[in-house]
Every structure is written in structure tokens, then in C-alpha cells.
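Novice: So here's structure_35.pdb, just PDB, C-alpha atoms, pLDDT in the B column:
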MODEL        1
ATOM      1  CA  MET A   1       0.000   0.000   0.000  1.00 70.00           C
ATOM      2  CA  ARG A   2       1.189   3.479  -0.826  1.00 74.00           C
ATOM      3  CA  SER A   3       2.068   5.866   1.992  1.00 80.00           C
ATOM      4  CA  LEU A   4       0.172   9.155   2.111  1.00 87.00           C
ATOM      5  CA  ASN A   5       2.726  11.758   3.129  1.00 88.00           C
ATOM      6  CA  LEU A   6       3.057  15.369   2.116  1.00 80.00           C
ATOM      7  CA  ASN A   7       6.218  16.519   0.350  1.00 83.00           C
ATOM      8  CA  MET A   8       7.679  18.722   3.075  1.00 85.00           C
ATOM      9  CA  LYS A   9      10.435  20.077   0.802  1.00 87.00           C
ATOM     10  CA  ALA A  10       7.776  21.416  -1.581  1.00 81.00           C
ATOM     11  CA  ILE A  11       5.835  22.908   1.325  1.00 81.00           C
ATOM     12  CA  GLU A  12       9.013  24.627   2.534  1.00 86.00           C
ATOM     13  CA  ALA A  13       9.692  25.881  -1.021  1.00 82.00           C
ATOM     14  CA  ALA A  14       6.189  27.403  -1.045  1.00 79.00           C
ATOM     15  CA  THR A  15       7.319  29.792   1.684  1.00 84.00           C
ATOM     16  CA  ARG A  16       9.776  31.395  -0.767  1.00 86.00           C
ATOM     17  CA  ASP A  17       9.323  33.170  -4.115  1.00 79.00           C
ATOM     18  CA  LEU A  18       6.185  34.940  -2.931  1.00 82.00           C
ATOM     19  CA  GLU A  19       6.130  37.067  -6.097  1.00 79.00           C
ATOM     20  CA  HIS A  20       4.831  33.963  -7.902  1.00 77.00           C
ATOM     21  CA  GLY A  21       1.518  34.225  -6.044  1.00 79.00           C
ATOM     22  CA  SER A  22      -0.418  30.971  -6.198  1.00 78.00           C
ATOM     23  CA  ILE A  23       2.195  29.228  -8.359  1.00 77.00           C
ATOM     24  CA  THR A  24       3.910  26.721  -6.077  1.00 74.00           C
ATOM     25  CA  PRO A  25       6.400  23.907  -6.824  1.00 74.00           C
ATOM     26  CA  HIS A  26       3.437  21.568  -7.467  1.00 74.00           C
ATOM     27  CA  TYR A  27       3.005  23.100 -10.951  1.00 75.00           C
ATOM     28  CA  GLY A  28       6.468  21.966 -12.014  1.00 73.00           C
ATOM     29  CA  SER A  29       7.275  22.169 -15.707  1.00 76.00           C
ATOM     30  CA  CYS A  30       3.658  21.726 -16.877  1.00 90.00           C
ATOM     31  CA  ARG A  31       2.690  25.349 -16.223  1.00 92.00           C
ATOM     32  CA  GLN A  32       3.917  26.614 -19.610  1.00 93.00           C
ATOM     33  CA  ASP A  33       2.128  23.764 -21.407  1.00 95.00           C
ATOM     34  CA  ILE A  34      -1.078  24.606 -19.551  1.00 96.00           C
ATOM     35  CA  ILE A  35      -0.710  28.287 -20.494  1.00 97.00           C
ATOM     36  CA  LYS A  36      -0.333  27.298 -24.162  1.00 97.00           C
ATOM     37  CA  LEU A  37      -3.447  25.103 -23.988  1.00 97.00           C
ATOM     38  CA  LEU A  38      -5.363  27.962 -22.371  1.00 98.00           C
ATOM     39  CA  ASN A  39      -4.149  30.495 -24.948  1.00 98.00           C
ATOM     40  CA  ASP A  40      -5.318  28.220 -27.770  1.00 97.00           C
ATOM     41  CA  ALA A  41      -8.678  27.842 -26.007  1.00 98.00           C
ATOM     42  CA  LEU A  42      -8.763  31.641 -25.626  1.00 98.00           C
ATOM     43  CA  ALA A  43      -8.258  32.016 -29.383  1.00 98.00           C
ATOM     44  CA  THR A  44     -11.069  29.524 -30.013  1.00 98.00           C
ATOM     45  CA  GLU A  45     -13.454  31.412 -27.746  1.00 98.00           C
ATOM     46  CA  LEU A  46     -12.613  34.762 -29.365  1.00 98.00           C
ATOM     47  CA  VAL A  47     -13.150  33.382 -32.884  1.00 98.00           C
ATOM     48  CA  CYS A  48     -16.457  31.924 -31.673  1.00 97.00           C
ATOM     49  CA  VAL A  49     -17.503  35.338 -30.338  1.00 98.00           C
ATOM     50  CA  LEU A  50     -16.764  36.895 -33.731  1.00 97.00           C
ATOM     51  CA  ARG A  51     -18.596  34.138 -35.640  1.00 97.00           C
ATOM     52  CA  TYR A  52     -21.672  34.306 -33.385  1.00 97.00           C
ATOM     53  CA  LYS A  53     -21.719  38.111 -33.617  1.00 97.00           C
ATOM     54  CA  ARG A  54     -21.505  37.931 -37.418  1.00 96.00           C
ATOM     55  CA  HIS A  55     -24.380  35.455 -37.482  1.00 96.00           C
ATOM     56  CA  HIS A  56     -26.408  37.522 -35.009  1.00 95.00           C
ATOM     57  CA  PHE A  57     -26.285  40.570 -37.266  1.00 95.00           C
ATOM     58  CA  THR A  58     -26.735  38.787 -40.608  1.00 94.00           C
ATOM     59  CA  ALA A  59     -29.313  36.061 -39.857  1.00 92.00           C
ATOM     60  CA  GLU A  60     -32.394  36.303 -42.066  1.00 86.00           C
ATOM     61  CA  GLY A  61     -35.478  34.165 -42.530  1.00 78.00           C
ATOM     62  CA  MET A  62     -38.722  33.274 -40.820  1.00 72.00           C
ATOM     63  CA  GLU A  63     -37.185  32.096 -37.553  1.00 78.00           C
ATOM     64  CA  SER A  64     -34.133  34.321 -37.739  1.00 85.00           C
ATOM     65  CA  ALA A  65     -35.098  36.889 -35.100  1.00 88.00           C
ATOM     66  CA  LYS A  66     -35.317  34.318 -32.297  1.00 90.00           C
ATOM     67  CA  ILE A  67     -32.225  32.414 -33.406  1.00 92.00           C
ATOM     68  CA  ALA A  68     -30.251  35.605 -34.030  1.00 93.00           C
ATOM     69  CA  GLN A  69     -31.004  36.656 -30.467  1.00 94.00           C
ATOM     70  CA  GLU A  70     -29.712  33.308 -29.218  1.00 94.00           C
ATOM     71  CA  PHE A  71     -26.564  33.769 -31.337  1.00 96.00           C
ATOM     72  CA  LEU A  72     -25.987  36.971 -29.365  1.00 97.00           C
ATOM     73  CA  VAL A  73     -26.526  35.125 -26.074  1.00 97.00           C
ATOM     74  CA  HIS A  74     -23.983  32.515 -27.176  1.00 97.00           C
ATOM     75  CA  ALA A  75     -21.531  35.252 -28.246  1.00 98.00           C
ATOM     76  CA  ASN A  76     -21.763  36.820 -24.798  1.00 98.00           C
ATOM     77  CA  GLU A  77     -21.273  33.466 -23.080  1.00 98.00           C
ATOM     78  CA  GLU A  78     -18.249  32.694 -25.271  1.00 98.00           C
ATOM     79  CA  SER A  79     -16.866  36.132 -24.384  1.00 98.00           C
ATOM     80  CA  ALA A  80     -17.267  35.303 -20.694  1.00 98.00           C
ATOM     81  CA  HIS A  81     -15.375  32.031 -21.307  1.00 98.00           C
ATOM     82  CA  ALA A  82     -12.571  34.016 -22.946  1.00 98.00           C
ATOM     83  CA  ASP A  83     -12.418  36.354 -19.958  1.00 98.00           C
ATOM     84  CA  ARG A  84     -12.207  33.441 -17.524  1.00 98.00           C
ATOM     85  CA  LEU A  85      -9.454  31.792 -19.570  1.00 98.00           C
ATOM     86  CA  ALA A  86      -7.465  35.041 -19.787  1.00 98.00           C
ATOM     87  CA  ARG A  87      -7.808  35.558 -16.033  1.00 98.00           C
ATOM     88  CA  ARG A  88      -6.522  32.024 -15.376  1.00 97.00           C
ATOM     89  CA  ILE A  89      -3.573  32.531 -17.735  1.00 97.00           C
ATOM     90  CA  VAL A  90      -2.589  35.622 -15.719  1.00 96.00           C
ATOM     91  CA  GLN A  91      -2.991  33.673 -12.452  1.00 94.00           C
ATOM     92  CA  LEU A  92      -0.510  31.163 -13.873  1.00 94.00           C
ATOM     93  CA  ASN A  93       1.927  34.056 -14.464  1.00 93.00           C
ATOM     94  CA  GLY A  94       1.366  33.850 -18.206  1.00 95.00           C
ATOM     95  CA  ALA A  95       0.298  36.409 -20.800  1.00 97.00           C
ATOM     96  CA  PRO A  96      -3.081  36.000 -22.518  1.00 98.00           C
ATOM     97  CA  ASP A  97      -2.594  36.152 -26.283  1.00 98.00           C
ATOM     98  CA  PHE A  98      -5.241  38.377 -27.865  1.00 97.00           C
ATOM     99  CA  SER A  99      -3.201  38.961 -31.034  1.00 96.00           C
ATOM    100  CA  PRO A 100      -5.585  39.353 -33.997  1.00 95.00           C
ATOM    101  CA  GLU A 101      -2.837  38.164 -36.363  1.00 95.00           C
ATOM    102  CA  SER A 102      -2.741  34.666 -34.878  1.00 94.00           C
ATOM    103  CA  LEU A 103      -6.296  34.117 -33.614  1.00 94.00           C
ATOM    104  CA  SER A 104      -7.526  32.072 -36.559  1.00 93.00           C
ATOM    105  CA  GLN A 105      -4.350  29.947 -36.679  1.00 95.00           C
ATOM    106  CA  ARG A 106      -4.561  29.110 -32.958  1.00 96.00           C
ATOM    107  CA  SER A 107      -8.320  28.602 -32.841  1.00 95.00           C
ATOM    108  CA  HIS A 108      -9.626  25.046 -32.853  1.00 95.00           C
ATOM    109  CA  ALA A 109     -12.817  26.180 -34.628  1.00 94.00           C
ATOM    110  CA  PRO A 110     -13.118  28.286 -37.781  1.00 92.00           C
ATOM    111  CA  TYR A 111     -14.639  31.684 -38.376  1.00 93.00           C
ATOM    112  CA  ASP A 112     -17.608  31.622 -40.756  1.00 92.00           C
ATOM    113  CA  ALA A 113     -19.441  34.153 -42.878  1.00 91.00           C
ATOM    114  CA  SER A 114     -22.399  31.994 -43.980  1.00 91.00           C
ATOM    115  CA  LEU A 115     -25.535  33.861 -44.985  1.00 90.00           C
ATOM    116  CA  LYS A 116     -28.083  31.024 -44.776  1.00 93.00           C
ATOM    117  CA  LEU A 117     -29.571  30.437 -41.337  1.00 93.00           C
ATOM    118  CA  LYS A 118     -29.297  26.635 -41.544  1.00 93.00           C
ATOM    119  CA  ASP A 119     -25.619  26.928 -42.533  1.00 95.00           C
ATOM    120  CA  MET A 120     -25.024  29.264 -39.576  1.00 96.00           C
ATOM    121  CA  ILE A 121     -26.595  26.776 -37.184  1.00 95.00           C
ATOM    122  CA  ARG A 122     -24.619  23.901 -38.704  1.00 96.00           C
ATOM    123  CA  ILE A 123     -21.216  25.670 -38.495  1.00 97.00           C
ATOM    124  CA  ASN A 124     -21.908  26.817 -34.929  1.00 97.00           C
ATOM    125  CA  LEU A 125     -22.879  23.277 -33.931  1.00 97.00           C
ATOM    126  CA  MET A 126     -19.682  21.974 -35.541  1.00 97.00           C
ATOM    127  CA  ALA A 127     -17.648  24.597 -33.664  1.00 97.00           C
ATOM    128  CA  GLU A 128     -19.310  23.707 -30.356  1.00 97.00           C
ATOM    129  CA  ARG A 129     -18.535  20.029 -30.957  1.00 97.00           C
ATOM    130  CA  VAL A 130     -14.914  20.930 -31.701  1.00 97.00           C
ATOM    131  CA  ALA A 131     -14.785  22.936 -28.456  1.00 97.00           C
ATOM    132  CA  ILE A 132     -16.320  20.022 -26.537  1.00 97.00           C
ATOM    133  CA  GLU A 133     -13.681  17.653 -27.897  1.00 97.00           C
ATOM    134  CA  ALA A 134     -10.820  20.105 -27.275  1.00 97.00           C
ATOM    135  CA  TYR A 135     -11.935  20.881 -23.693  1.00 97.00           C
ATOM    136  CA  SER A 136     -12.443  17.171 -22.974  1.00 97.00           C
ATOM    137  CA  GLN A 137      -8.919  16.421 -24.153  1.00 97.00           C
ATOM    138  CA  MET A 138      -7.462  19.338 -22.163  1.00 97.00           C
ATOM    139  CA  ILE A 139      -9.227  18.099 -19.023  1.00 97.00           C
ATOM    140  CA  ASP A 140      -7.740  14.635 -19.565  1.00 96.00           C
ATOM    141  CA  LEU A 141      -4.265  16.061 -20.219  1.00 95.00           C
ATOM    142  CA  ILE A 142      -4.279  18.323 -17.161  1.00 94.00           C
ATOM    143  CA  GLY A 143      -5.850  15.763 -14.838  1.00 92.00           C
ATOM    144  CA  ASN A 144      -4.808  16.513 -11.270  1.00 89.00           C
ATOM    145  CA  THR A 145      -1.765  18.555 -12.298  1.00 89.00           C
ATOM    146  CA  ASP A 146      -3.778  21.778 -11.981  1.00 93.00           C
ATOM    147  CA  VAL A 147      -7.148  21.198 -10.328  1.00 93.00           C
ATOM    148  CA  THR A 148      -8.163  24.873 -10.554  1.00 95.00           C
ATOM    149  CA  THR A 149      -7.669  24.959 -14.332  1.00 96.00           C
ATOM    150  CA  ARG A 150      -9.356  21.575 -14.714  1.00 97.00           C
ATOM    151  CA  ARG A 151     -12.442  22.843 -12.856  1.00 97.00           C
ATOM    152  CA  LEU A 152     -12.535  25.967 -15.002  1.00 98.00           C
ATOM    153  CA  LEU A 153     -12.392  23.851 -18.155  1.00 98.00           C
ATOM    154  CA  GLU A 154     -15.086  21.516 -16.800  1.00 98.00           C
ATOM    155  CA  ASP A 155     -17.382  24.511 -16.181  1.00 98.00           C
ATOM    156  CA  ILE A 156     -16.825  25.840 -19.688  1.00 98.00           C
ATOM    157  CA  LEU A 157     -17.308  22.347 -21.142  1.00 98.00           C
ATOM    158  CA  CYS A 158     -20.761  22.122 -19.530  1.00 98.00           C
ATOM    159  CA  GLU A 159     -21.814  25.379 -21.192  1.00 97.00           C
ATOM    160  CA  GLU A 160     -20.423  24.290 -24.566  1.00 97.00           C
ATOM    161  CA  GLN A 161     -22.426  21.067 -24.309  1.00 98.00           C
ATOM    162  CA  ALA A 162     -25.597  23.065 -23.593  1.00 97.00           C
ATOM    163  CA  HIS A 163     -24.894  25.249 -26.657  1.00 97.00           C
ATOM    164  CA  ALA A 164     -24.447  22.151 -28.832  1.00 97.00           C
ATOM    165  CA  GLU A 165     -27.731  20.637 -27.658  1.00 97.00           C
ATOM    166  CA  GLU A 166     -29.600  23.867 -28.352  1.00 95.00           C
ATOM    167  CA  LEU A 167     -28.077  24.150 -31.838  1.00 95.00           C
ATOM    168  CA  LYS A 168     -28.861  20.483 -32.556  1.00 96.00           C
ATOM    169  CA  ASP A 169     -32.493  21.092 -31.617  1.00 94.00           C
ATOM    170  CA  TRP A 170     -32.685  24.060 -34.035  1.00 91.00           C
ATOM    171  CA  LEU A 171     -31.079  22.032 -36.807  1.00 87.00           C
ATOM    172  CA  VAL A 172     -33.474  19.092 -36.542  1.00 85.00           C
ATOM    173  CA  GLY A 173     -36.490  21.170 -35.447  1.00 67.00           C
TER     174      GLY A 173
ENDMDL
END
Using C-alpha cells, write down the structure from this file.
Specialist:
Amino acid sequence: MRSLNLNMKAIEAATRDLEHGSITPHYGSCRQDIIKLLNDALATELVCVLRYKRHHFTAEGMESAKIAQEFLVHANEESAHADRLARRIVQLNGAPDFSPESLSQRSHAPYDASLKLKDMIRINLMAERVAIEAYSQMIDLIGNTDVTTRRLLEDILCEEQAHAEELKDWLVG
């Protein structure tokens, strides 16, 4: 049976380097990898905000007013995800990357300028599914290495799953 003992050297090390805030020896070398994952997720969320905003303002058709309003709700929720990711990156002593030049290259999901409502719903559903897969993989990769980041990603994942279900209902409805 494994012994359950705290690493006292790491606890002692946590009393030093106070300028690192919440970053203790437990993070080890994974912190930079986690920051990169979060910056790529940040890019995805920002591209999603732009896509949903585009669709909100350009949706036309019989049911477009209601769906366009929901596109705006989704855009605002994706923006809140981006804010939470950026805040966590800073907490990890990283720099959130908002560079417009690299957003589309780092994003897991594409931007889209579709004009047909059904195409808008389809591309947004695809993007939500991509986000669900990416967040699920990030959660698996991070595991217990950074519980705070994992919980953040789990919260965002729940909202992305709700978006996907709503979009699926519109597509088949």
C-alpha cells in the first residue's frame, strides 16, 4: 500500500518566491504547457464570439429573429469564457494572447461568414462540438496537475455542451 505523506520540501519551497503568487512547486514544468493550452482555447473562444456576432447581425429568414437573439446570447457566453481563460492565464503568471494576427491559426474552430440560417446553425454546432472535444482532451491532459484549471475547463465544457444541444435542436427542429 502506498504511503500518504506530504512533500515537506515542496511545502518549505512554497514559503519562498512569494512574487509567484499561487504558483507553487506543485506546478512543475507543466505550467507553460497549460498556459499554451489555455491560450489556444482563448483564441477559439474569441473566434467563436466573432462568428456568433456575425451570425447575429446577418441572420435572415422566418425564424431568424429568435435564433439571431440566441446567437448573441452565445456570443456573450463565449466572451465570458474568454475572460475566464485570460484571467486564469494571468494567475498562472502567463500572458493572454489576444493577437488578432494569430487568432484564426490558434483557434480550434473556424470563423464563418455563412448567410443562410441553416448553414449558420450547422457551423456553430460543428464549432461547439470541436470545443467540446478540445476541452475534454485538455481536461484529460491536465488531470490533477492543476485542479483549478481543470475545474474551469469543466465549467466551460458544460456550457459548450448546452450550446451544442440547443443548436442540434434548431437544426433538426
Novice: I need the residue set behind the PyMOL selection byres ((chain A and resi 29-31) around 12) for this file; please write it as a compact mmCIF listing (two decimals) with C-alpha atoms, in the coordinates of the input.
Specialist:
# COMPACT_ATOMS: atom_id res chain seq x y z
CA SER A 22 -0.42 30.97 -6.20
CA ILE A 23 2.19 29.23 -8.36
CA THR A 24 3.91 26.72 -6.08
CA PRO A 25 6.40 23.91 -6.82
CA HIS A 26 3.44 21.57 -7.47
CA TYR A 27 3.00 23.10 -10.95
CA GLY A 28 6.47 21.97 -12.01
CA GLN A 32 3.92 26.61 -19.61
CA ASP A 33 2.13 23.76 -21.41
CA ILE A 34 -1.08 24.61 -19.55
CA ILE A 35 -0.71 28.29 -20.49
CA LYS A 36 -0.33 27.30 -24.16
CA LEU A 37 -3.45 25.10 -23.99
CA LEU A 38 -5.36 27.96 -22.37
CA ARG A 88 -6.52 32.02 -15.38
CA ILE A 89 -3.57 32.53 -17.74
CA VAL A 90 -2.59 35.62 -15.72
CA GLN A 91 -2.99 33.67 -12.45
CA LEU A 92 -0.51 31.16 -13.87
CA ASN A 93 1.93 34.06 -14.46
CA GLY A 94 1.37 33.85 -18.21
CA LEU A 141 -4.26 16.06 -20.22
CA ILE A 142 -4.28 18.32 -17.16
CA GLY A 143 -5.85 15.76 -14.84
CA ASN A 144 -4.81 16.51 -11.27
CA THR A 145 -1.76 18.56 -12.30
CA ASP A 146 -3.78 21.78 -11.98
CA THR A 149 -7.67 24.96 -14.33
Novice: Counting all atoms listed in the file, which of A:Asp112, A:Glu165, A:Glu101, A:Glu159 gets nearest to Leu125 in chain A?
Specialist: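 The closest residue to Leu125 in chain A is A:Glu165.
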Novice: Could you tell me which of A:Ser114, A:Asn39, A:Ser99, A:Gln105 comes closest to Arg84 in chain A if we count only C-alpha atoms?
Specialist: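 Closest residue, counting only C-alpha atoms: A:Asn39.
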Novice: If you apply the PyMOL selection byres ((chain A and resi 117-120) around 10) to this file, what residues do you get, as a VMD selection string?
Specialist: chain A and resid 51 to 52 54 to 56 58 to 64 67 to 68 71 112 to 116 121 to 126 167 170 to 172
Novice: Write the selection just made, keeping C-alpha atoms, as a PDB file, in the coordinates of the input?
Specialist:
ATOM      1  CA  ARG A  51     -18.596  34.138 -35.640  1.00 97.00           C
ATOM      2  CA  TYR A  52     -21.672  34.306 -33.385  1.00 97.00           C
ATOM      3  CA  ARG A  54     -21.505  37.931 -37.418  1.00 96.00           C
ATOM      4  CA  HIS A  55     -24.380  35.455 -37.482  1.00 96.00           C
ATOM      5  CA  HIS A  56     -26.408  37.522 -35.009  1.00 95.00           C
ATOM      6  CA  THR A  58     -26.735  38.787 -40.608  1.00 94.00           C
ATOM      7  CA  ALA A  59     -29.313  36.061 -39.857  1.00 92.00           C
ATOM      8  CA  GLU A  60     -32.394  36.303 -42.066  1.00 86.00           C
ATOM      9  CA  GLY A  61     -35.478  34.165 -42.530  1.00 78.00           C
ATOM     10  CA  MET A  62     -38.722  33.274 -40.820  1.00 72.00           C
ATOM     11  CA  GLU A  63     -37.185  32.096 -37.553  1.00 78.00           C
ATOM     12  CA  SER A  64     -34.133  34.321 -37.739  1.00 85.00           C
ATOM     13  CA  ILE A  67     -32.225  32.414 -33.406  1.00 92.00           C
ATOM     14  CA  ALA A  68     -30.251  35.605 -34.030  1.00 93.00           C
ATOM     15  CA  PHE A  71     -26.564  33.769 -31.337  1.00 96.00           C
ATOM     16  CA  ASP A 112     -17.608  31.622 -40.756  1.00 92.00           C
ATOM     17  CA  ALA A 113     -19.441  34.153 -42.878  1.00 91.00           C
ATOM     18  CA  SER A 114     -22.399  31.994 -43.980  1.00 91.00           C
ATOM     19  CA  LEU A 115     -25.535  33.861 -44.985  1.00 90.00           C
ATOM     20  CA  LYS A 116     -28.083  31.024 -44.776  1.00 93.00           C
ATOM     21  CA  ILE A 121     -26.595  26.776 -37.184  1.00 95.00           C
ATOM     22  CA  ARG A 122     -24.619  23.901 -38.704  1.00 96.00           C
ATOM     23  CA  ILE A 123     -21.216  25.670 -38.495  1.00 97.00           C
ATOM     24  CA  ASN A 124     -21.908  26.817 -34.929  1.00 97.00           C
ATOM     25  CA  LEU A 125     -22.879  23.277 -33.931  1.00 97.00           C
ATOM     26  CA  MET A 126     -19.682  21.974 -35.541  1.00 97.00           C
ATOM     27  CA  LEU A 167     -28.077  24.150 -31.838  1.00 95.00           C
ATOM     28  CA  TRP A 170     -32.685  24.060 -34.035  1.00 91.00           C
ATOM     29  CA  LEU A 171     -31.079  22.032 -36.807  1.00 87.00           C
ATOM     30  CA  VAL A 172     -33.474  19.092 -36.542  1.00 85.00           C
TER      31      VAL A 172
END
Novice: With only C-alpha atoms as the counted atoms, please give the residues lying no more than 12 Å from Ser104 in chain A, apart from itself and same-chain residues fewer than 3 positions off, as a list in words.
Specialist: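 Here the answer would be Asp40, Ala41, Leu42, Ala43, Thr44, Glu45, Leu46, Val47, Cys48, Leu50, Arg51, Phe98, Ser99, Pro100, Glu101, Ser107, His108, Ala109, Pro110, Tyr111 and Asp112 of chain A.
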Novice: Any chance you could work out the residue set of the PyMOL selection byres ((chain A and resi 158) around 12) here, as a PyMOL selection string?
Specialist: chain A and resi 77+81+128-129+131-133+135-136+151-157+159-165
Novice: Go ahead and dump the residues you just picked, C-alpha atoms, as a PDB file, in the coordinates of the input.
Specialist:
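Okay, this is what ended up in again_2.pdb:
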ATOM      1  CA  GLU A  77     -21.273  33.466 -23.080  1.00 98.00           C
ATOM      2  CA  HIS A  81     -15.375  32.031 -21.307  1.00 98.00           C
ATOM      3  CA  GLU A 128     -19.310  23.707 -30.356  1.00 97.00           C
ATOM      4  CA  ARG A 129     -18.535  20.029 -30.957  1.00 97.00           C
ATOM      5  CA  ALA A 131     -14.785  22.936 -28.456  1.00 97.00           C
ATOM      6  CA  ILE A 132     -16.320  20.022 -26.537  1.00 97.00           C
ATOM      7  CA  GLU A 133     -13.681  17.653 -27.897  1.00 97.00           C
ATOM      8  CA  TYR A 135     -11.935  20.881 -23.693  1.00 97.00           C
ATOM      9  CA  SER A 136     -12.443  17.171 -22.974  1.00 97.00           C
ATOM     10  CA  ARG A 151     -12.442  22.843 -12.856  1.00 97.00           C
ATOM     11  CA  LEU A 152     -12.535  25.967 -15.002  1.00 98.00           C
ATOM     12  CA  LEU A 153     -12.392  23.851 -18.155  1.00 98.00           C
ATOM     13  CA  GLU A 154     -15.086  21.516 -16.800  1.00 98.00           C
ATOM     14  CA  ASP A 155     -17.382  24.511 -16.181  1.00 98.00           C
ATOM     15  CA  ILE A 156     -16.825  25.840 -19.688  1.00 98.00           C
ATOM     16  CA  LEU A 157     -17.308  22.347 -21.142  1.00 98.00           C
ATOM     17  CA  GLU A 159     -21.814  25.379 -21.192  1.00 97.00           C
ATOM     18  CA  GLU A 160     -20.423  24.290 -24.566  1.00 97.00           C
ATOM     19  CA  GLN A 161     -22.426  21.067 -24.309  1.00 98.00           C
ATOM     20  CA  ALA A 162     -25.597  23.065 -23.593  1.00 97.00           C
ATOM     21  CA  HIS A 163     -24.894  25.249 -26.657  1.00 97.00           C
ATOM     22  CA  ALA A 164     -24.447  22.151 -28.832  1.00 97.00           C
ATOM     23  CA  GLU A 165     -27.731  20.637 -27.658  1.00 97.00           C
TER      24      GLU A 165
END
Novice: CA of Ala127 in chain A and CA of Phe57 in chain A are how many Å apart?
Specialist: 18.5 Å
Novice: In Å, how far is it from CA of Asp97 in chain A to CA of Asp17 in chain A?
Specialist: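 Distance between the two atoms: 25.3 Å.
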Novice: Between CA of Asn76 in chain A and CA of Ala134 in chain A, what is the distance, to one decimal in Å?
Specialist: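 We find that CA of Asn76 in chain A and CA of Ala134 in chain A lie 20.1 Å from each other.
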Novice: Is it possible to get the axis-aligned box enclosing range 119-129 of chain A (all listed atoms, 8 Å extra per side) as JSON, with centre and edge lengths in Å rounded to one decimal?
Specialist:
{"center_x": -22.1, "center_y": 24.6, "center_z": -36.4, "size_x": 24.9, "size_y": 25.2, "size_z": 28.2}
Novice: Since the input lacks atoms, please generate all heavy atoms for range 100-106 of chain A and provide them as a compact mmCIF listing (two decimals), in the frame of the given file.
Specialist:
# COMPACT_ATOMS: atom_id res chain seq x y z
N PRO A 100 -4.69 39.62 -32.87
CA PRO A 100 -5.58 39.35 -34.00
C PRO A 100 -4.88 38.61 -35.13
O PRO A 100 -5.52 37.84 -35.85
CB PRO A 100 -6.03 40.73 -34.47
CG PRO A 100 -5.65 41.69 -33.41
CD PRO A 100 -4.57 41.05 -32.60
N GLU A 101 -3.57 38.81 -35.27
CA GLU A 101 -2.84 38.16 -36.36
C GLU A 101 -2.83 36.65 -36.25
O GLU A 101 -2.78 35.95 -37.25
CB GLU A 101 -1.39 38.67 -36.43
CG GLU A 101 -1.26 40.11 -36.91
CD GLU A 101 -1.43 41.11 -35.79
OE1 GLU A 101 -1.20 40.76 -34.60
OE2 GLU A 101 -1.84 42.25 -36.08
N SER A 102 -2.86 36.12 -35.03
CA SER A 102 -2.74 34.67 -34.88
C SER A 102 -4.01 33.98 -34.39
O SER A 102 -4.02 32.75 -34.24
CB SER A 102 -1.59 34.35 -33.92
OG SER A 102 -1.89 34.83 -32.62
N LEU A 103 -5.08 34.73 -34.16
CA LEU A 103 -6.30 34.12 -33.61
C LEU A 103 -6.79 32.94 -34.45
O LEU A 103 -7.04 31.86 -33.92
CB LEU A 103 -7.42 35.15 -33.49
CG LEU A 103 -7.44 36.03 -32.27
CD1 LEU A 103 -8.64 36.97 -32.31
CD2 LEU A 103 -7.43 35.22 -31.00
N SER A 104 -6.94 33.14 -35.73
CA SER A 104 -7.53 32.07 -36.56
C SER A 104 -6.60 30.87 -36.68
O SER A 104 -7.07 29.74 -36.81
CB SER A 104 -7.92 32.60 -37.94
OG SER A 104 -6.79 33.07 -38.62
N GLN A 105 -5.28 31.09 -36.61
CA GLN A 105 -4.35 29.95 -36.68
C GLN A 105 -4.37 29.14 -35.38
O GLN A 105 -4.19 27.92 -35.40
CB GLN A 105 -2.91 30.41 -36.93
CG GLN A 105 -2.66 30.94 -38.32
CD GLN A 105 -2.91 32.45 -38.40
OE1 GLN A 105 -3.11 33.11 -37.38
NE2 GLN A 105 -2.94 32.97 -39.61
N ARG A 106 -4.57 29.79 -34.25
CA ARG A 106 -4.56 29.11 -32.96
C ARG A 106 -5.92 28.54 -32.57
O ARG A 106 -6.00 27.65 -31.73
CB ARG A 106 -4.07 30.05 -31.85
CG ARG A 106 -2.61 30.44 -32.00
CD ARG A 106 -2.12 31.33 -30.87
NE ARG A 106 -2.77 32.65 -30.88
CZ ARG A 106 -3.57 33.10 -29.92
NH1 ARG A 106 -3.83 32.39 -28.86
NH2 ARG A 106 -4.11 34.30 -30.02
